Every structure is written in structure tokens, then in C-alpha cells.
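Enquirer: Starting off with a structure, shown below.
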Amino acid sequence: MTDDIDAPGVVVWTVPLDRPPATVATLSRILSEREAQRGDRCRFETDRRRFIVAHGALRLILAGCLDVPPEELRLQRGRHGKPRIAGSSELRFNLAHSGELALVAVTRHREVGVDVDRLRPGLSVEPFAERFFPASDARFVAAAAGPTERAERFLRLWTRKEAVVKAAGARLAQGLGLTVLTDADVVRDPSGRIPGAWSVCDLPVPDGCLAALAVAGPVAPSISGPHSVDEL
């Protein structure tokens with residue numbers, strides 16, 4: 001399930017989340033107690049099953065990278081909830097899921113963030129963009145030909161901002177003002193609330209979704225994938 005992860009590269013996996021009950025039961029047994037409790041707090045059974053598959057797949061991927069049993073992985077969370085491997089591992093990773101799809105990004109040494117979301121063509125996005133996004137972003141959304149394209153442009157911006165926020169281990173409110181459409185695809189926060197430079201790119205995902213990846217530093221990483229995790 002894992003690829004060789006070199007120092008400057010990022011490997012990305014897509015994980016279909018709607019799995020047979022036997023698979024969900026197997027993956028539930030490798031989750032930590034805290035992860036199981038978070039899954040149990042899901043309001044709907046479908047969301048609980050998808051949570052289990054997403055976090056179980058993450059554990060299998062990381063375990064393959066580190067050559068350890070998945071149930072023995074110890075994960076801890078930073079100030080704003082960003083997970084990392086407890087101890088001194090150089091491995092960096094991030095998980096995103098929306099609907100029936102999850103993405104897992106893994107690299108070494110460089111902080112990484114990934115985001116995926118589903119398109120909602122009927123959603124009125126202009127008021128939100130005008131209120132919370134930089135003026136250039138709001139104009140980009142408003143200039144679209146119709147509501148479907150406006151929703152797509154908005155989500156393109158949103159996933160890029162959230163990928164940077166997740167890579168930096170920051171809060172979403174800190175990232176809404178980022179300008180994420182640049183010629184060089186290098187994002188910097190002029191306010192300084194999210195320090196450093198972040199390389200951002202879009203990821204290919206199934207129709208109906210948009211996704212983005214961000215890594216620390218101004219140099220774009222080599223990306224392997226997304227690879228589909230079809231068997232768990």
C-alpha cells in the first residue's frame with residue numbers, strides 16, 4: 001500500500017470510504033481509544049463508518065511507511081488539532097475526508113496539509129467570499145459565468161486555503177485572508193499569523209470534488225499519486 005517516500009517528495013492516496021461491514025469492523029480494531037470515541041460521536045451511522053475507514057486507512061498507510069503494526073502507532077495532536085506521530089519520527093502526514101472520499105498525504109521533514117471537499121453548485125458563495133476573502137479572491141469568484149462556476153472557483157480557493165492552514169497547524173480563521181491564487185503558487189501570509197512560505201497546488205480527484213495540497217517552503221515538491229487504496 002505504501003511507496004518509497006524520498007526526502008523532497010509527497011505521496012498522496014485516495015481512499016474510498018464506503019466499505020463492506022466486515023472491512024469497517026476490521027479497521028475499527030486498529031483505532032486508538034480516542035479515535036474510536038470520536039467515531040462514536042458521529043451523529044449518523046454512515047459518517048461513523050466513513051470515519052473509521054478514513055482513520056483506519058491512515059494508520060495502515062503510516063504503519064507501512066514505518067514498518068510497525070498499525071495498532072501500535074501513537075498519534076498526538078498539536079495546539080489546533082494537527083496530528084503527528086508521537087516521538088521523533090521525521091514522517092509528516094495529513095488526512096482529509098469529505099463524503100465518500102478521503103485523501104492521505106505523506107512526506108518527510110516538510111510540514112504538509114491536504115484538503116478535499118465536494119462541489120455544491122446551488123450554494124450562494126459570493127456573500128461569504130466578499131466578507132471573508134481578500135478582494136482579489138472575491139472578484140475572482142464573482143467574475144465566473146454562472147452559479148456552478150462560481151461555486152467551483154470558491155471551492156478551489158477554499159481547499160487551497162485550508163490545505164495551507166492544515167499544513168501550518170493553524171486555525172481556519174487565520175487562513176481565510178490568504179491570497180492563494182498566485183503565478184508561482186507560493187503563498188505567504190502578509191499578516192504574519194501563518195509564518196513562512198507555503199507551496200500550494202491542486203490535486204486530481206474524482207468529478208464532483210476539488211482538492212489541494214500544501215507543503216512548507218517555496219519549492220514545489222514532487223508528487224506521487226494520488227494512488228487509490230482499493231483494498232484494505
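Here's how to read the names in the C-alpha cells: chain A, B, ... by the order shown, residue numbers from 1 in each chain, ligand numbers from 1 in the order shown.
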Among chain A, which ones does DSSP assign to helix (DSSP H, G or I) (computed from the backbone)? Answer as a ChimeraX atom specification.
Expert: /A:21-28,33-40,45-66,70-72,126-132,135-142,147-168,172-175
Enquirer: Write out as a PDB file with N, CA and C atoms, in the first residue's frame each polymer residue whose atoms come within 9 Å of A:Gln76, counting only C-alpha atoms; drop sequence neighbours fewer than 3 positions from it.
Expert:
```
ATOM      1  N   GLY A  81      -5.060  20.945  16.797  1.00  0.00           N
ATOM      2  CA  GLY A  81      -5.589  19.654  16.387  1.00  0.00           C
ATOM      3  C   GLY A  81      -4.827  18.931  15.298  1.00  0.00           C
ATOM      4  N   LYS A  82      -3.720  19.497  14.785  1.00  0.00           N
ATOM      5  CA  LYS A  82      -2.991  18.799  13.734  1.00  0.00           C
ATOM      6  C   LYS A  82      -2.316  17.559  14.302  1.00  0.00           C
ATOM      7  N   PRO A  83      -2.564  16.380  13.702  1.00  0.00           N
ATOM      8  CA  PRO A  83      -1.966  15.157  14.232  1.00  0.00           C
ATOM      9  C   PRO A  83      -0.526  14.972  13.765  1.00  0.00           C
ATOM     10  N   ARG A  84       0.254  14.284  14.573  1.00  0.00           N
ATOM     11  CA  ARG A  84       1.593  13.874  14.201  1.00  0.00           C
ATOM     12  C   ARG A  84       1.943  12.612  14.960  1.00  0.00           C
ATOM     13  N   ILE A  85       2.978  11.940  14.519  1.00  0.00           N
ATOM     14  CA  ILE A  85       3.419  10.720  15.174  1.00  0.00           C
ATOM     15  C   ILE A  85       4.171  11.094  16.436  1.00  0.00           C
ATOM     16  N   ALA A  86       3.809  10.490  17.560  1.00  0.00           N
ATOM     17  CA  ALA A  86       4.480  10.770  18.826  1.00  0.00           C
ATOM     18  C   ALA A  86       5.942  10.327  18.742  1.00  0.00           C
TER      19      ALA A  86
END
```
Enquirer: Need to verify the contact set: stretch 187-191 of chain A, 10 Å, only C-alpha atoms, exclusion of same-chain residues closer than 4 positions in sequence. Can you return it as a list in words?
Expert: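 Those residues are Arg160, Lys161, Val164, Gln174, Gly175, Gly177, Leu178, Thr179, Val180, Leu181, Thr182, Pro195, Gly196, Ala197, Trp198, Ser199, Val200, Ala214, Ala216, Gly217 and Pro218 of chain A.
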Enquirer: Can you tell me which residues surround stretch 141-147 of chain A at a distance of at most 12 Å, considering only C-alpha atoms, apart from same-chain residues fewer than 6 positions away, and format the answer as a PyMOL selection string?
Expert: chain A and resi 119-130+133-135+153-158+181
Enquirer: Pull C-alpha atoms from the residues just selected and write them as a PDB file, in the first residue's frame.
Expert:
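As a result, selection02.pdb now contains:
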```pdb
ATOM      1  CA  LEU A 119     -18.923  20.834  -5.036  1.00  0.00           C
ATOM      2  CA  ARG A 120     -22.262  22.333  -4.035  1.00  0.00           C
ATOM      3  CA  PRO A 121     -23.474  24.141  -7.201  1.00  0.00           C
ATOM      4  CA  GLY A 122     -26.602  25.557  -5.542  1.00  0.00           C
ATOM      5  CA  LEU A 123     -24.725  27.204  -2.687  1.00  0.00           C
ATOM      6  CA  SER A 124     -24.623  31.010  -2.705  1.00  0.00           C
ATOM      7  CA  VAL A 125     -20.906  31.657  -2.247  1.00  0.00           C
ATOM      8  CA  GLU A 126     -20.493  35.311  -3.204  1.00  0.00           C
ATOM      9  CA  PRO A 127     -21.530  36.818   0.174  1.00  0.00           C
ATOM     10  CA  PHE A 128     -19.064  34.617   2.031  1.00  0.00           C
ATOM     11  CA  ALA A 129     -16.236  35.426  -0.384  1.00  0.00           C
ATOM     12  CA  GLU A 130     -16.949  39.151  -0.144  1.00  0.00           C
ATOM     13  CA  PHE A 133     -11.747  36.532   1.393  1.00  0.00           C
ATOM     14  CA  PRO A 134      -9.290  39.143   0.049  1.00  0.00           C
ATOM     15  CA  ALA A 135     -10.795  41.464  -2.530  1.00  0.00           C
ATOM     16  CA  ARG A 153     -13.991  28.875  -8.084  1.00  0.00           C
ATOM     17  CA  PHE A 154     -14.946  29.400  -4.460  1.00  0.00           C
ATOM     18  CA  LEU A 155     -14.149  25.800  -3.569  1.00  0.00           C
ATOM     19  CA  ARG A 156     -10.833  25.985  -5.424  1.00  0.00           C
ATOM     20  CA  LEU A 157      -9.848  28.888  -3.189  1.00  0.00           C
ATOM     21  CA  TRP A 158     -11.269  27.254  -0.071  1.00  0.00           C
ATOM     22  CA  LEU A 181      -4.032  32.237  -6.484  1.00  0.00           C
TER      23      LEU A 181
END
```
Enquirer: Quick one: of A:Cys209, A:Arg110, A:Ser136, A:Glu90, who's nearest to A:Glu152, counting only C-alpha atoms?
Expert: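 Under the stated criterion, the closest residue is A:Cys209.
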Enquirer: Could you list, as an MDAnalysis selection string, every residue within 12 Å of stretch 36-48 of chain A, counting only C-alpha atoms and ignoring same-chain residues fewer than 5 positions away?
Expert: chainID A and resid 17:21 24:25 27:31 53:56 97:101
Enquirer: Provide the atom CA of A:Val104 to atom CA of A:Thr14 distance in Å, to one decimal place.
Expert: 6.6 Å
Enquirer: Please, what distance in Å, to one decimal, runs between atom CA of A:Leu203 and atom CA of A:Val68?
Expert: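 Separation of atom CA of A:Leu203 and atom CA of A:Val68: 28.8 Å.
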Enquirer: Give the strand (DSSP E) residues of stretch 21-142 of chain A, as DSSP finds them on the backbone, and put them as a list in words.
Expert: Leu75, Gln76, Arg77, Pro83, Arg84, Ile85, Leu91, Arg92, Phe93, Asn94, Leu95, Ala96, His97, Ser98, Leu101, Ala102, Leu103, Val104, Ala105, Val106, Thr107, Arg108, Val112, Gly113, Val114, Asp115, Val116, Asp117 and Arg118 of chain A
Enquirer: With distances taken over only C-alpha atoms, which residue among A:Leu73, A:Ala22, A:Val15, A:Leu172 lies nearest A:Ala57?
Expert: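 Under the stated criterion, the closest residue is A:Val15.
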Enquirer: Extract, using only C-alpha atoms, all DNA, RNA and protein residues at most 12 Å from A:Gly9, discarding same-chain residues fewer than 2 positions from it, and format them as number ranges by chain.
Expert: A: 3-7, 11-12, 91-93, 105-112, 215-216, 219-225
Enquirer: Please produce a file of the residues just selected, as a JSON list (two decimals), in the first residue's frame, where the atoms kept are N, CA, C and O atoms.
Expert:
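Listed below is the output, again.json:
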```
[["chain", "number", "residue", "atom", "x", "y", "z"],
["A", 3, "ASP", "N", 4.43, 3.64, -0.91],
["A", 3, "ASP", "CA", 5.51, 3.88, -1.86],
["A", 3, "ASP", "C", 6.72, 4.35, -1.08],
["A", 3, "ASP", "O", 6.63, 4.77, 0.07],
["A", 4, "ASP", "N", 7.88, 4.28, -1.75],
["A", 4, "ASP", "CA", 9.09, 4.81, -1.14],
["A", 4, "ASP", "C", 8.99, 6.32, -1.12],
["A", 4, "ASP", "O", 8.85, 6.95, -2.17],
["A", 5, "ILE", "N", 9.04, 6.92, 0.04],
["A", 5, "ILE", "CA", 8.89, 8.37, 0.18],
["A", 5, "ILE", "C", 10.26, 8.99, 0.30],
["A", 5, "ILE", "O", 10.95, 8.82, 1.30],
["A", 6, "ASP", "N", 10.70, 9.69, -0.75],
["A", 6, "ASP", "CA", 12.01, 10.35, -0.67],
["A", 6, "ASP", "C", 11.86, 11.69, 0.02],
["A", 6, "ASP", "O", 10.76, 12.18, 0.26],
["A", 7, "ALA", "N", 13.00, 12.30, 0.35],
["A", 7, "ALA", "CA", 13.00, 13.50, 1.19],
["A", 7, "ALA", "C", 12.19, 14.65, 0.61],
["A", 7, "ALA", "O", 11.44, 15.29, 1.33],
["A", 11, "VAL", "N", 3.72, 11.66, -1.21],
["A", 11, "VAL", "CA", 2.89, 10.59, -1.77],
["A", 11, "VAL", "C", 1.47, 10.83, -1.29],
["A", 11, "VAL", "O", 1.23, 11.07, -0.11],
["A", 12, "VAL", "N", 0.51, 10.76, -2.23],
["A", 12, "VAL", "CA", -0.89, 11.01, -1.93],
["A", 12, "VAL", "C", -1.71, 9.77, -2.28],
["A", 12, "VAL", "O", -1.52, 9.17, -3.34],
["A", 91, "LEU", "N", 8.57, 11.56, 9.66],
["A", 91, "LEU", "CA", 7.42, 11.46, 8.76],
["A", 91, "LEU", "C", 6.39, 12.53, 9.09],
["A", 91, "LEU", "O", 6.07, 12.78, 10.25],
["A", 92, "ARG", "N", 5.87, 13.18, 8.05],
["A", 92, "ARG", "CA", 4.80, 14.17, 8.18],
["A", 92, "ARG", "C", 3.62, 13.71, 7.33],
["A", 92, "ARG", "O", 3.81, 13.16, 6.24],
["A", 93, "PHE", "N", 2.42, 13.96, 7.81],
["A", 93, "PHE", "CA", 1.25, 13.44, 7.10],
["A", 93, "PHE", "C", 0.05, 14.33, 7.37],
["A", 93, "PHE", "O", 0.04, 15.16, 8.28],
["A", 105, "ALA", "N", -1.92, 12.38, 2.64],
["A", 105, "ALA", "CA", -0.65, 12.85, 2.10],
["A", 105, "ALA", "C", 0.45, 12.58, 3.10],
["A", 105, "ALA", "O", 0.29, 12.86, 4.30],
["A", 106, "VAL", "N", 1.56, 12.03, 2.62],
["A", 106, "VAL", "CA", 2.68, 11.67, 3.50],
["A", 106, "VAL", "C", 3.97, 12.16, 2.87],
["A", 106, "VAL", "O", 4.19, 12.01, 1.66],
["A", 107, "THR", "N", 4.85, 12.73, 3.68],
["A", 107, "THR", "CA", 6.16, 13.19, 3.21],
["A", 107, "THR", "C", 7.13, 13.11, 4.38],
["A", 107, "THR", "O", 6.78, 12.68, 5.48],
["A", 108, "ARG", "N", 8.34, 13.54, 4.14],
["A", 108, "ARG", "CA", 9.36, 13.55, 5.19],
["A", 108, "ARG", "C", 9.89, 14.97, 5.38],
["A", 108, "ARG", "O", 10.11, 15.69, 4.42],
["A", 109, "HIS", "N", 10.06, 15.36, 6.61],
["A", 109, "HIS", "CA", 10.72, 16.61, 7.00],
["A", 109, "HIS", "C", 9.87, 17.87, 6.80],
["A", 109, "HIS", "O", 9.94, 18.79, 7.63],
["A", 110, "ARG", "N", 9.10, 17.98, 5.72],
["A", 110, "ARG", "CA", 8.35, 19.19, 5.44],
["A", 110, "ARG", "C", 6.91, 19.04, 5.93],
["A", 110, "ARG", "O", 6.26, 18.02, 5.67],
["A", 111, "GLU", "N", 6.40, 20.07, 6.60],
["A", 111, "GLU", "CA", 5.00, 20.03, 7.03],
["A", 111, "GLU", "C", 4.10, 19.98, 5.80],
["A", 111, "GLU", "O", 4.36, 20.64, 4.79],
["A", 112, "VAL", "N", 3.01, 19.22, 5.90],
["A", 112, "VAL", "CA", 2.15, 19.01, 4.75],
["A", 112, "VAL", "C", 0.69, 19.11, 5.18],
["A", 112, "VAL", "O", 0.33, 18.75, 6.31],
["A", 215, "VAL", "N", 2.67, 22.33, 1.12],
["A", 215, "VAL", "CA", 3.84, 21.90, 1.88],
["A", 215, "VAL", "C", 4.65, 23.13, 2.26],
["A", 215, "VAL", "O", 4.59, 24.17, 1.61],
["A", 216, "ALA", "N", 5.42, 23.00, 3.35],
["A", 216, "ALA", "CA", 6.24, 24.12, 3.81],
["A", 216, "ALA", "C", 7.36, 24.39, 2.83],
["A", 216, "ALA", "O", 7.97, 23.47, 2.28],
["A", 219, "VAL", "N", 9.59, 25.83, -2.53],
["A", 219, "VAL", "CA", 9.91, 24.90, -3.61],
["A", 219, "VAL", "C", 8.82, 23.83, -3.70],
["A", 219, "VAL", "O", 8.56, 23.12, -2.72],
["A", 220, "ALA", "N", 8.20, 23.71, -4.86],
["A", 220, "ALA", "CA", 7.13, 22.72, -5.03],
["A", 220, "ALA", "C", 7.70, 21.32, -4.93],
["A", 220, "ALA", "O", 8.77, 21.04, -5.47],
["A", 221, "PRO", "N", 7.01, 20.43, -4.25],
["A", 221, "PRO", "CA", 7.52, 19.06, -4.11],
["A", 221, "PRO", "C", 7.16, 18.22, -5.33],
["A", 221, "PRO", "O", 6.27, 18.55, -6.10],
["A", 222, "SER", "N", 7.90, 17.13, -5.51],
["A", 222, "SER", "CA", 7.44, 16.13, -6.47],
["A", 222, "SER", "C", 6.30, 15.36, -5.81],
["A", 222, "SER", "O", 6.34, 15.06, -4.62],
["A", 223, "ILE", "N", 5.26, 15.06, -6.59],
["A", 223, "ILE", "CA", 4.07, 14.41, -6.03],
["A", 223, "ILE", "C", 3.87, 13.08, -6.73],
["A", 223, "ILE", "O", 3.84, 13.01, -7.97],
["A", 224, "SER", "N", 3.74, 12.04, -5.95],
["A", 224, "SER", "CA", 3.41, 10.72, -6.46],
["A", 224, "SER", "C", 1.95, 10.43, -6.11],
["A", 224, "SER", "O", 1.56, 10.45, -4.96],
["A", 225, "GLY", "N", 1.14, 10.18, -7.13],
["A", 225, "GLY", "CA", -0.26, 9.91, -6.89],
["A", 225, "GLY", "C", -1.15, 11.06, -7.35],
["A", 225, "GLY", "O", -0.69, 11.95, -8.05]]
```
Enquirer: When you look at A:Arg79 with a cut-off of 10 Å (counting only C-alpha atoms), what residues show up, excluding the ones that are within fewer than 4 positions of it in the same chain? I need them as a list in words.
Expert: Pro83, Gly169, Ala170 and Arg171 of chain A
Enquirer: Ranking A:Ala167, A:Cys65, A:Val205, A:Leu60 by minimum distance to A:Asn94 and counting only C-alpha atoms, which one comes first?
Expert: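 Closest residue, counting only C-alpha atoms: A:Ala167.
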Enquirer: Nearest to A:Ile61: which of A:Arg74, A:Trp13, A:Thr23, A:Arg150 is it, counting only C-alpha atoms?
Expert: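 Checking each candidate against A:Ile61, we get A:Trp13 as the closest.
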Enquirer: Just how far from atom CA of A:Arg118 is atom CA of A:Ile194, in Å to one decimal?
Expert: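 Going from atom CA of A:Ile194 over to atom CA of A:Arg118 covers 25.9 Å.
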